[in-house]
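File shown: query31.cif. Contents: mmCIF, C-alpha atoms.
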```
data_work
#
loop_
_atom_site.label_atom_id
_atom_site.label_comp_id
_atom_site.auth_asym_id
_atom_site.auth_seq_id
_atom_site.Cartn_x
_atom_site.Cartn_y
_atom_site.Cartn_z
CA MET T 1 16.98 -0.09 -4.60
CA THR T 2 17.37 1.96 -7.75
CA ARG T 3 17.45 5.55 -6.63
CA ARG T 4 16.72 7.38 -9.82
CA ILE T 5 13.25 5.98 -10.52
CA PRO T 6 10.52 7.41 -8.25
CA ALA T 7 8.07 4.97 -6.65
CA SER T 8 5.19 6.78 -8.37
CA THR T 9 6.76 5.97 -11.76
CA ILE T 10 6.98 2.26 -10.89
CA ARG T 11 3.29 2.30 -9.91
CA ARG T 12 2.38 3.88 -13.22
CA LEU T 13 4.45 1.28 -15.11
CA SER T 14 2.34 -1.40 -13.39
CA HIS T 15 -0.79 0.39 -14.55
CA TYR T 16 0.51 0.71 -18.12
CA LEU T 17 1.27 -3.01 -18.16
CA ARG T 18 -2.31 -3.79 -17.03
CA SER T 19 -3.68 -1.54 -19.81
CA LEU T 20 -1.41 -3.09 -22.44
CA GLU T 21 -2.51 -6.57 -21.45
CA ASP T 22 -6.16 -5.55 -21.71
CA LEU T 23 -5.50 -4.07 -25.15
CA GLU T 24 -3.57 -7.19 -26.21
CA ALA T 25 -6.49 -9.36 -25.11
CA SER T 26 -8.85 -7.32 -27.29
CA GLY T 27 -6.60 -7.82 -30.33
CA ASP T 28 -5.08 -4.34 -30.69
CA GLU T 29 -1.53 -4.03 -32.03
CA THR T 30 -0.56 -0.45 -31.30
CA VAL T 31 -1.46 2.17 -28.72
CA SER T 32 -0.78 5.89 -28.43
CA SER T 33 0.62 7.59 -25.33
CA GLU T 34 -2.71 9.47 -25.19
CA GLU T 35 -4.67 6.22 -24.92
CA LEU T 36 -2.32 4.85 -22.24
CA ALA T 37 -2.60 8.16 -20.39
CA LEU T 38 -6.39 8.05 -20.48
CA ARG T 39 -6.48 4.52 -19.09
CA GLY T 40 -3.90 5.36 -16.42
CA GLN T 41 -5.52 8.64 -15.31
CA THR T 42 -2.40 10.59 -16.25
CA THR T 43 -1.10 12.69 -19.18
CA ALA T 44 0.49 11.63 -22.45
CA ALA T 45 3.59 13.65 -21.54
CA GLN T 46 3.85 11.72 -18.27
CA VAL T 47 3.57 8.37 -20.10
CA ARG T 48 6.38 9.38 -22.47
CA LYS T 49 8.53 10.64 -19.59
CA ASP T 50 7.97 7.47 -17.52
CA LEU T 51 8.96 5.22 -20.42
CA SER T 52 11.95 7.37 -21.37
CA HIS T 53 13.71 6.21 -18.18
CA PHE T 54 14.12 2.82 -19.79
CA GLY T 55 15.06 3.61 -23.37
CA SER T 56 13.32 4.63 -26.52
CA PHE T 57 9.90 3.20 -27.34
CA GLY T 58 7.32 3.86 -29.98
CA LYS T 59 7.36 5.96 -33.14
CA ARG T 60 6.00 9.43 -33.59
CA GLY T 61 2.55 9.22 -35.11
CA LEU T 62 2.46 5.42 -34.90
CA GLY T 63 2.41 4.89 -31.15
CA TYR T 64 3.78 1.91 -29.28
CA ARG T 65 3.72 -1.69 -30.46
CA ILE T 66 1.69 -3.30 -27.68
CA GLU T 67 3.41 -6.70 -27.70
CA GLU T 68 6.88 -5.15 -27.65
CA LEU T 69 6.14 -2.60 -24.95
CA SER T 70 4.36 -5.06 -22.65
CA ALA T 71 7.25 -7.54 -22.97
CA ARG T 72 9.70 -4.76 -22.10
CA LEU T 73 7.61 -3.61 -19.14
CA ARG T 74 7.42 -7.18 -17.82
CA GLN T 75 11.21 -7.30 -18.03
CA ILE T 76 11.63 -3.94 -16.29
CA LEU T 77 9.22 -4.89 -13.51
CA GLY T 78 10.86 -8.30 -13.16
CA VAL T 79 7.62 -10.16 -13.88
CA ASP T 80 8.84 -12.00 -16.98
CA ARG T 81 9.54 -14.92 -14.60
CA VAL T 82 8.05 -16.73 -11.62
CA TRP T 83 8.93 -15.55 -8.08
CA LYS T 84 8.77 -18.03 -5.23
CA VAL T 85 7.00 -16.48 -2.29
CA ALA T 86 6.62 -17.51 1.34
CA LEU T 87 3.71 -16.22 3.38
CA ILE T 88 4.71 -15.67 7.00
CA GLY T 89 1.59 -15.17 9.08
CA ALA T 90 -1.59 -17.10 8.32
CA GLY T 91 -4.06 -14.75 10.01
CA ARG T 92 -6.78 -12.66 8.41
CA ILE T 93 -4.50 -10.56 6.23
CA GLY T 94 -2.48 -13.64 5.30
CA SER T 95 -5.58 -15.54 4.23
CA ALA T 96 -6.92 -12.56 2.27
CA LEU T 97 -3.58 -12.41 0.44
CA PHE T 98 -3.45 -16.13 -0.17
CA GLU T 99 -6.83 -16.03 -1.89
CA TYR T 100 -6.11 -12.87 -3.84
CA PRO T 101 -6.95 -13.95 -7.39
CA ALA T 102 -4.40 -11.82 -9.24
CA PHE T 103 -1.55 -13.03 -7.07
CA GLU T 104 -0.53 -16.26 -8.78
CA SER T 105 -1.62 -15.16 -12.26
CA ARG T 106 1.02 -12.39 -12.07
CA GLY T 107 3.90 -14.80 -11.51
CA TYR T 108 4.06 -14.83 -7.71
CA GLU T 109 3.88 -18.44 -6.57
CA CYS T 110 3.26 -19.09 -2.90
CA VAL T 111 5.35 -22.15 -2.01
CA ALA T 112 5.37 -21.97 1.80
CA ILE T 113 3.13 -20.79 4.64
CA ILE T 114 4.45 -20.26 8.15
CA ASP T 115 2.50 -19.46 11.31
CA SER T 116 3.18 -19.77 15.01
CA ASP T 117 -0.35 -20.87 16.00
CA PRO T 118 -0.19 -24.55 17.07
CA ALA T 119 -3.81 -24.96 15.95
CA LYS T 120 -2.81 -23.99 12.40
CA ILE T 121 0.54 -25.80 12.08
CA GLY T 122 0.10 -28.99 10.09
CA THR T 123 -3.21 -27.93 8.52
CA TYR T 124 -3.54 -27.20 4.81
CA TRP T 125 -4.44 -24.19 2.72
CA SER T 126 -5.18 -25.61 -0.75
CA GLU T 127 -2.31 -28.09 -1.11
CA LEU T 128 0.14 -26.19 1.10
CA GLN T 129 0.80 -27.37 4.63
CA ILE T 130 1.29 -24.66 7.24
CA HIS T 131 4.66 -24.92 8.99
CA GLY T 132 5.77 -23.64 12.38
CA PRO T 133 8.35 -20.85 12.69
CA ASP T 134 11.06 -23.35 13.71
CA ASP T 135 11.16 -24.56 10.12
CA LEU T 136 11.56 -21.07 8.64
CA GLU T 137 15.24 -21.09 7.63
CA SER T 138 15.35 -24.67 6.33
CA LEU T 139 12.06 -24.31 4.45
CA LEU T 140 12.94 -21.02 2.77
CA ALA T 141 16.42 -22.17 1.78
CA GLU T 142 15.28 -25.61 0.51
CA LEU T 143 12.46 -24.18 -1.58
CA GLY T 144 14.56 -21.31 -2.93
CA VAL T 145 12.12 -18.67 -1.67
CA GLU T 146 12.97 -15.17 -2.92
CA LEU T 147 10.13 -13.03 -1.62
CA VAL T 148 8.55 -13.04 1.81
CA ILE T 149 5.14 -11.61 2.60
CA LEU T 150 5.26 -10.68 6.25
CA ALA T 151 1.75 -10.60 7.74
CA VAL T 152 2.58 -11.13 11.42
CA PRO T 153 1.98 -8.84 14.43
CA ALA T 154 4.46 -6.00 14.91
CA ARG T 155 6.23 -7.70 17.82
CA ALA T 156 7.19 -10.73 15.69
CA ALA T 157 8.02 -8.93 12.45
CA GLN T 158 11.66 -7.91 12.99
CA GLU T 159 12.75 -11.40 14.07
CA MET T 160 10.93 -13.09 11.17
CA ALA T 161 12.48 -10.58 8.76
CA GLU T 162 16.03 -11.18 10.06
CA ARG T 163 15.63 -14.93 9.91
CA SER T 164 14.24 -14.72 6.37
CA VAL T 165 17.18 -12.58 5.28
CA ARG T 166 19.60 -15.13 6.78
CA ALA T 167 17.78 -17.82 4.78
CA GLY T 168 18.69 -15.92 1.61
CA ILE T 169 15.49 -14.16 0.57
CA LYS T 170 15.77 -11.10 -1.69
CA GLY T 171 12.84 -8.86 -0.75
CA ILE T 172 10.03 -8.37 1.76
CA LEU T 173 6.44 -7.19 1.40
CA ASN T 174 5.74 -6.02 4.94
CA PHE T 175 2.25 -5.69 6.39
CA ALA T 176 3.44 -5.31 9.99
CA PRO T 177 3.15 -1.70 11.18
CA ILE T 178 6.86 -1.28 11.94
CA ARG T 179 9.90 -0.07 10.02
CA LEU T 180 12.00 -3.20 9.49
CA LYS T 181 15.75 -3.04 9.89
CA VAL T 182 17.29 -5.21 7.19
CA PRO T 183 20.48 -4.99 5.11
CA ARG T 184 20.43 -2.40 2.33
CA HIS T 185 20.49 -5.02 -0.43
CA VAL T 186 17.07 -6.37 0.69
CA PRO T 187 14.30 -4.06 -0.51
CA VAL T 188 11.19 -3.76 1.67
CA GLU T 189 7.79 -2.56 0.50
CA ASP T 190 5.59 -1.51 3.39
CA VAL T 191 1.83 -1.82 3.24
CA ASN T 192 0.60 0.02 6.27
CA LEU T 193 -3.10 0.69 6.37
CA VAL T 194 -2.88 3.48 8.91
CA MET T 195 -0.27 5.22 6.78
CA GLU T 196 -2.50 4.90 3.72
CA LEU T 197 -5.38 6.42 5.67
CA GLU T 198 -3.08 9.19 6.90
CA ALA T 199 -2.00 9.95 3.34
CA LEU T 200 -5.70 10.29 2.51
CA SER T 201 -6.58 12.51 5.46
CA PHE T 202 -3.47 14.59 4.66
CA ALA T 203 -4.65 15.07 1.07
CA ILE T 204 -8.16 16.03 2.18
CA THR T 205 -6.92 18.37 4.91
CA GLN T 206 -4.38 20.13 2.69
CA HIS T 207 -6.86 20.38 -0.16
CA GLY T 208 -9.34 22.05 2.19
CA SER T 209 -6.80 24.52 3.50
CA GLU T 210 -5.48 25.50 0.05
CA PRO T 211 -8.56 26.06 -2.10
CA MET Q 1 -4.23 16.97 -3.65
CA THR Q 2 -1.23 19.01 -2.61
CA ARG Q 3 1.28 18.70 -5.43
CA ARG Q 4 4.41 19.92 -3.78
CA ILE Q 5 4.74 17.26 -1.09
CA PRO Q 6 5.91 13.88 -2.41
CA ALA Q 7 4.06 10.76 -1.23
CA SER Q 8 7.32 9.43 0.23
CA THR Q 9 7.52 12.50 2.50
CA ILE Q 10 3.99 11.90 3.80
CA ARG Q 11 4.90 8.29 4.59
CA ARG Q 12 7.95 9.44 6.53
CA LEU Q 13 5.83 11.99 8.44
CA SER Q 14 3.60 9.08 9.52
CA HIS Q 15 6.71 7.23 10.71
CA TYR Q 16 8.01 10.28 12.59
CA LEU Q 17 4.67 10.64 14.33
CA ARG Q 18 4.81 6.97 15.43
CA SER Q 19 8.33 7.51 16.80
CA LEU Q 20 7.35 10.72 18.59
CA GLU Q 21 4.41 8.97 20.24
CA ASP Q 22 6.68 6.14 21.40
CA LEU Q 23 9.13 8.69 22.82
CA GLU Q 24 6.29 10.63 24.47
CA ALA Q 25 5.05 7.41 26.12
CA SER Q 26 8.52 6.81 27.55
CA GLY Q 27 8.57 10.31 29.06
CA ASP Q 28 11.09 12.05 26.80
CA GLU Q 29 10.65 15.77 26.12
CA THR Q 30 12.99 16.46 23.22
CA VAL Q 31 14.41 14.51 20.33
CA SER Q 32 17.15 15.21 17.79
CA SER Q 33 16.77 14.83 14.04
CA GLU Q 34 19.47 12.12 14.31
CA GLU Q 35 17.32 10.08 16.69
CA LEU Q 36 14.21 10.49 14.52
CA ALA Q 37 16.29 9.51 11.49
CA LEU Q 38 17.57 6.38 13.19
CA ARG Q 39 14.08 5.28 14.14
CA GLY Q 40 12.73 6.05 10.67
CA GLN Q 41 15.58 4.36 8.76
CA THR Q 42 16.50 7.63 7.08
CA THR Q 43 19.04 10.46 7.50
CA ALA Q 44 18.97 13.49 9.80
CA ALA Q 45 19.17 15.75 6.74
CA GLN Q 46 16.07 14.05 5.31
CA VAL Q 47 14.17 14.54 8.58
CA ARG Q 48 15.00 18.26 8.56
CA LYS Q 49 14.09 18.58 4.89
CA ASP Q 50 10.76 16.75 5.36
CA LEU Q 51 9.77 18.96 8.28
CA SER Q 52 10.91 22.15 6.56
CA HIS Q 53 7.98 21.81 4.13
CA PHE Q 54 5.69 22.76 6.99
CA GLY Q 55 7.53 25.56 8.75
CA SER Q 56 10.32 25.89 11.22
CA PHE Q 57 10.68 23.36 14.02
CA GLY Q 58 13.28 22.68 16.66
CA LYS Q 59 16.31 24.61 17.79
CA ARG Q 60 19.89 23.99 16.78
CA GLY Q 61 21.57 21.91 19.47
CA LEU Q 62 18.32 21.42 21.42
CA GLY Q 63 16.34 19.30 18.99
CA TYR Q 64 12.58 19.17 18.67
CA ARG Q 65 10.09 19.47 21.51
CA ILE Q 66 8.27 16.14 21.22
CA GLU Q 67 4.86 17.32 22.36
CA GLU Q 68 4.89 20.31 20.03
CA LEU Q 69 6.15 18.42 16.99
CA SER Q 70 3.76 15.50 17.41
CA ALA Q 71 0.80 17.88 17.79
CA ARG Q 72 1.88 19.68 14.62
CA LEU Q 73 2.32 16.42 12.71
CA ARG Q 74 -1.14 15.27 13.77
CA GLN Q 75 -2.50 18.54 12.42
CA ILE Q 76 -0.57 18.22 9.15
CA LEU Q 77 -1.68 14.62 8.63
CA GLY Q 78 -5.24 15.52 9.55
CA VAL Q 79 -5.35 13.05 12.45
CA ASP Q 80 -6.03 15.59 15.19
CA ARG Q 81 -9.71 14.65 14.77
CA VAL Q 82 -11.96 11.64 14.17
CA TRP Q 83 -12.76 10.57 10.60
CA LYS Q 84 -15.98 8.70 9.93
CA VAL Q 85 -15.29 5.76 7.68
CA ALA Q 86 -17.54 3.38 5.74
CA LEU Q 87 -16.30 -0.06 4.76
CA ILE Q 88 -17.71 -1.11 1.40
CA GLY Q 89 -17.09 -4.82 0.91
CA ALA Q 90 -17.25 -7.23 3.85
CA GLY Q 91 -15.13 -10.01 2.38
CA ARG Q 92 -11.74 -11.26 3.55
CA ILE Q 93 -9.88 -8.00 3.05
CA GLY Q 94 -12.77 -6.05 4.57
CA SER Q 95 -12.81 -8.23 7.66
CA ALA Q 96 -9.02 -8.05 8.05
CA LEU Q 97 -9.31 -4.25 7.90
CA PHE Q 98 -12.21 -4.12 10.30
CA GLU Q 99 -10.23 -6.02 12.92
CA TYR Q 100 -7.01 -4.09 12.34
CA PRO Q 101 -6.13 -2.96 15.87
CA ALA Q 102 -4.45 0.33 14.98
CA PHE Q 103 -7.38 1.46 12.87
CA GLU Q 104 -9.73 2.97 15.45
CA SER Q 105 -6.97 4.02 17.85
CA ARG Q 106 -5.65 6.34 15.12
CA GLY Q 107 -8.92 8.25 14.80
CA TYR Q 108 -10.60 6.36 11.97
CA GLU Q 109 -14.04 5.29 13.17
CA CYS Q 110 -15.90 2.73 11.08
CA VAL Q 111 -19.57 3.75 11.23
CA ALA Q 112 -21.03 1.71 8.34
CA ILE Q 113 -20.45 -1.59 6.55
CA ILE Q 114 -21.94 -2.33 3.16
CA ASP Q 115 -21.91 -5.61 1.24
CA SER Q 116 -23.97 -7.06 -1.59
CA ASP Q 117 -24.05 -10.64 -0.26
CA PRO Q 118 -27.64 -11.38 0.90
CA ALA Q 119 -26.23 -13.85 3.44
CA LYS Q 120 -24.28 -11.01 5.09
CA ILE Q 121 -26.85 -8.19 4.90
CA GLY Q 122 -28.54 -7.74 8.27
CA THR Q 123 -25.83 -9.58 10.23
CA TYR Q 124 -23.55 -7.78 12.67
CA TRP Q 125 -19.81 -7.17 12.95
CA SER Q 126 -19.29 -6.05 16.56
CA GLU Q 127 -22.22 -3.66 16.97
CA LEU Q 128 -22.43 -2.63 13.32
CA GLN Q 129 -25.11 -4.08 11.10
CA ILE Q 130 -24.13 -4.86 7.51
CA HIS Q 131 -26.27 -2.99 4.97
CA GLY Q 132 -27.00 -3.80 1.35
CA PRO Q 133 -25.73 -1.56 -1.47
CA ASP Q 134 -29.20 -0.05 -1.99
CA ASP Q 135 -28.74 1.88 1.24
CA LEU Q 136 -25.34 3.29 0.26
CA GLU Q 137 -26.23 6.92 -0.54
CA SER Q 138 -28.70 7.43 2.32
CA LEU Q 139 -26.47 5.71 4.88
CA LEU Q 140 -23.31 7.63 3.96
CA ALA Q 141 -25.10 10.98 3.84
CA GLU Q 142 -27.02 10.43 7.11
CA LEU Q 143 -23.96 9.31 9.05
CA GLY Q 144 -21.73 12.03 7.58
CA VAL Q 145 -19.19 9.53 6.27
CA GLU Q 146 -16.05 11.21 4.94
CA LEU Q 147 -13.79 8.30 4.00
CA VAL Q 148 -14.67 5.13 2.17
CA ILE Q 149 -12.62 1.96 2.23
CA LEU Q 150 -13.42 0.16 -0.99
CA ALA Q 151 -12.75 -3.57 -0.66
CA VAL Q 152 -15.02 -4.92 -3.39
CA PRO Q 153 -14.17 -6.86 -6.57
CA ALA Q 154 -12.86 -4.80 -9.51
CA ARG Q 155 -16.13 -5.05 -11.45
CA ALA Q 156 -18.11 -3.32 -8.66
CA ALA Q 157 -15.53 -0.73 -7.61
CA GLN Q 158 -16.18 2.11 -10.07
CA GLU Q 159 -19.95 2.14 -9.42
CA MET Q 160 -19.50 2.06 -5.64
CA ALA Q 161 -16.93 4.86 -5.90
CA GLU Q 162 -19.22 7.07 -7.98
CA ARG Q 163 -22.17 6.51 -5.67
CA SER Q 164 -20.02 7.28 -2.63
CA VAL Q 165 -18.81 10.52 -4.22
CA ARG Q 166 -22.41 11.52 -4.94
CA ALA Q 167 -23.20 10.86 -1.27
CA GLY Q 168 -20.59 13.48 -0.37
CA ILE Q 169 -17.55 11.50 0.79
CA LYS Q 170 -14.14 13.21 0.66
CA GLY Q 171 -11.62 10.44 -0.02
CA ILE Q 172 -11.27 6.76 -0.96
CA LEU Q 173 -8.88 4.05 0.18
CA ASN Q 174 -9.14 1.65 -2.75
CA PHE Q 175 -8.24 -2.04 -2.54
CA ALA Q 176 -9.85 -2.95 -5.86
CA PRO Q 177 -7.23 -3.53 -8.58
CA ILE Q 178 -8.51 -0.81 -10.90
CA ARG Q 179 -7.76 2.87 -11.44
CA LEU Q 180 -10.89 4.66 -10.21
CA LYS Q 181 -12.26 7.60 -12.16
CA VAL Q 182 -13.47 10.17 -9.65
CA PRO Q 183 -13.55 13.99 -9.58
CA ARG Q 184 -10.20 15.67 -8.95
CA HIS Q 185 -11.24 16.98 -5.53
CA VAL Q 186 -11.64 13.41 -4.18
CA PRO Q 187 -8.22 11.92 -3.40
CA VAL Q 188 -7.79 8.17 -3.86
CA GLU Q 189 -5.10 6.04 -2.23
CA ASP Q 190 -4.66 2.74 -4.00
CA VAL Q 191 -3.54 -0.36 -2.16
CA ASN Q 192 -2.82 -2.88 -4.86
CA LEU Q 193 -1.01 -5.98 -3.72
CA VAL Q 194 0.21 -6.94 -7.17
CA MET Q 195 1.64 -3.46 -7.67
CA GLU Q 196 3.43 -3.69 -4.32
CA LEU Q 197 4.91 -7.03 -5.35
CA GLU Q 198 5.90 -5.56 -8.71
CA ALA Q 199 7.64 -2.65 -6.97
CA LEU Q 200 9.57 -5.27 -5.00
CA SER Q 201 10.52 -7.43 -7.98
CA PHE Q 202 11.50 -4.23 -9.82
CA ALA Q 203 13.79 -3.21 -6.97
CA ILE Q 204 15.39 -6.67 -6.81
CA THR Q 205 15.78 -6.92 -10.58
CA GLN Q 206 17.29 -3.44 -10.96
CA HIS Q 207 19.54 -3.94 -7.96
CA GLY Q 208 20.87 -7.14 -9.55
CA SER Q 209 21.54 -5.46 -12.86
CA GLU Q 210 23.28 -2.42 -11.36
CA PRO Q 211 25.67 -3.75 -8.76
#
```

Could you quickly redo this structure as structure tokens?
Amino acid sequence: MTRRIPASTIRRLSHYLRSLEDLEASGDETVSSEELALRGQTTAAQVRKDLSHFGSFGKRGLGYRIEELSARLRQILGVDRVWKVALIGAGRIGSALFEYPAFESRGYECVAIIDSDPAKIGTYWSELQIHGPDDLESLLAELGVELVILAVPARAAQEMAERSVRAGIKGILNFAPIRLKVPRHVPVEDVNLVMELEALSFAITQHGSEP
Amino acid sequence: MTRRIPASTIRRLSHYLRSLEDLEASGDETVSSEELALRGQTTAAQVRKDLSHFGSFGKRGLGYRIEELSARLRQILGVDRVWKVALIGAGRIGSALFEYPAFESRGYECVAIIDSDPAKIGTYWSELQIHGPDDLESLLAELGVELVILAVPARAAQEMAERSVRAGIKGILNFAPIRLKVPRHVPVEDVNLVMELEALSFAITQHGSEP
């Protein structure tokens, strides 16, 4: 994981890319840092600072060339290519993810689904057959899966993560409410709903106590 | 929103609290920063730094008193109380959230569900009846809802957010893939699956280019 770039910057880069694509779709050719700031609920200075991590963009008084900046952001975020994804866990969260409309359009292609429920193994979601966990290593390696979305209960998550890493995957999006132990070269993004709610109640509580 | 505490610190506080509760359940009375670090996949120095934001804890050589530290963390994170939550959007993500086992046990009580689908309005999830969006303001105000989980399509999210704010809610957990515009005093936590995947592909891409 790159240490120098804060997670909040990466999130804003994603937002800028969304805005640039909207602007591109409406036929615009250039955009100012002020306009990007407005769309991203941040400041023009923050936009310029975020982008400065990755080189020099835009011209004073002329703004950024939209096509150029969005291409560069796609490259920085690693979305100028298709990522092969396996979904491990075909429960409610798994199915919500599988049907998430923006998922495939952003270059994340789900090529395998794995679940331990015998009632689900062998059935199809769209054209993808659900496999049992026994097939995990062979399936991931054969298909060249790089990203794993882990949407299994906490008790199964660490084992599934370790087996995925042994099968050669490069990163994990983890929905299980545990801190996975994986080698340092495998980044993990945790999506933990309780932690998100706690961040919210923290913000409200602290806001109230510091008027 | 408190500016001085980074989001990554808040996330680690949530992890520490989980670890402390596990330790409490197994009957331990004290814990060292090293042990907390090990469980949270971080360093002892980071644990001490994170906690130092909120005062002085623990004694050199004796570690932290588990009961005291977990009580303090609950207070800091605002989870030493029950939060009334409304779920707006009873689709796949909404239903996955509603059934999330850790949700209610952590003090977040879902007291209202709202959806615009006529086929869903009037039906029940557990003992909660699903209401139509027309009832939003009256329902939220009557029930004293403080947190809203927004799991509606992007096109509906801004309107639902504004109406919730007018009904007096204090914070929003937003699953819609847009940047909500709400007053500064209402914190928003965004859960955006594409952005999480982009953070992952960024980390993998940057790791590869900086060996």

*What lies within 10 Å of T:Phe103 using all atoms listed in the file, ignoring chain neighbours under 5 positions off, as a PyMOL selection string?*
(chain T and resi 97-98+108-110) or (chain Q and resi 193-194+197)

*Pick out the residues sitting within 12 Å of T:Val85, and hand them over as a PyMOL selection string; count all atoms listed in the file, and ignore anything fewer than 5 positions along from it in its own chain.*
(chain T and resi 97-98+103-104+107-114+139-141+143-150+164+169-173) or (chain Q and resi 197+200-201)

_I'd like the interatomic distance between atom CA of T:Leu17 and atom CA of T:Asp80, to a tenth of an Å._
11.8 Å

*So which residues get picked by the PyMOL selection byres ((chain Q) within 6 of (chain T)) here, written as number ranges by chain?*
Q: 1, 77-78, 92-93, 96, 198, 201-203, 205, 207

*asked:* As a check of understanding, name the residues that the PyMOL selection byres ((chain T and resi 53-61) around 10) selects in the supplied structure, as a list in words.
replied: Arg4, Ile5, Thr9, Thr30, Val31, Ser32, Ser33, Arg48, Lys49, Asp50, Leu51, Ser52, Leu62, Gly63, Tyr64, Arg65, Ile66, Glu68, Leu69, Arg72, Leu73 and Ile76 of chain T

*Straight-line distance linking atom CA of Q:Pro153 with atom CA of Q:Ala176, stated in Å to one decimal*: 5.9 Å

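Atom to atom, atom CA of Q:Ser70 and atom CA of T:Arg155 stand 23.3 Å apart.
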
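Considering the residues T:Ile121, T:Ala71, T:Ala90, T:Leu136 and counting only C-alpha atoms, T:Ala167 has its shortest atom-to-atom contact with T:Leu136.
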
_Ranking Q:Ala86, Q:Gln158, Q:Arg163, Q:Gly168 by minimum distance to Q:His131 and counting only C-alpha atoms, which one comes first?_
Q:Ala86

*Residues at most 7 Å from Q:Val152, counting only C-alpha atoms, excluding those fewer than 2 positions away in the same chain, as a PyMOL selection string?*
chain Q and resi 88-89+150+154+156-157+176

Take the residues that were just selected and, keeping C-alpha atoms, output them as an mmCIF file, in the frame of the given file.
```
data_model
loop_
_atom_site.group_PDB
_atom_site.id
_atom_site.type_symbol
_atom_site.label_atom_id
_atom_site.label_comp_id
_atom_site.auth_asym_id
_atom_site.auth_seq_id
_atom_site.Cartn_x
_atom_site.Cartn_y
_atom_site.Cartn_z
ATOM 1 C CA ILE Q 88 -17.710 -1.110 1.400
ATOM 2 C CA GLY Q 89 -17.090 -4.820 0.910
ATOM 3 C CA LEU Q 150 -13.420 0.160 -0.990
ATOM 4 C CA ALA Q 154 -12.860 -4.800 -9.510
ATOM 5 C CA ALA Q 156 -18.110 -3.320 -8.660
ATOM 6 C CA ALA Q 157 -15.530 -0.730 -7.610
ATOM 7 C CA ALA Q 176 -9.850 -2.950 -5.860
#
```
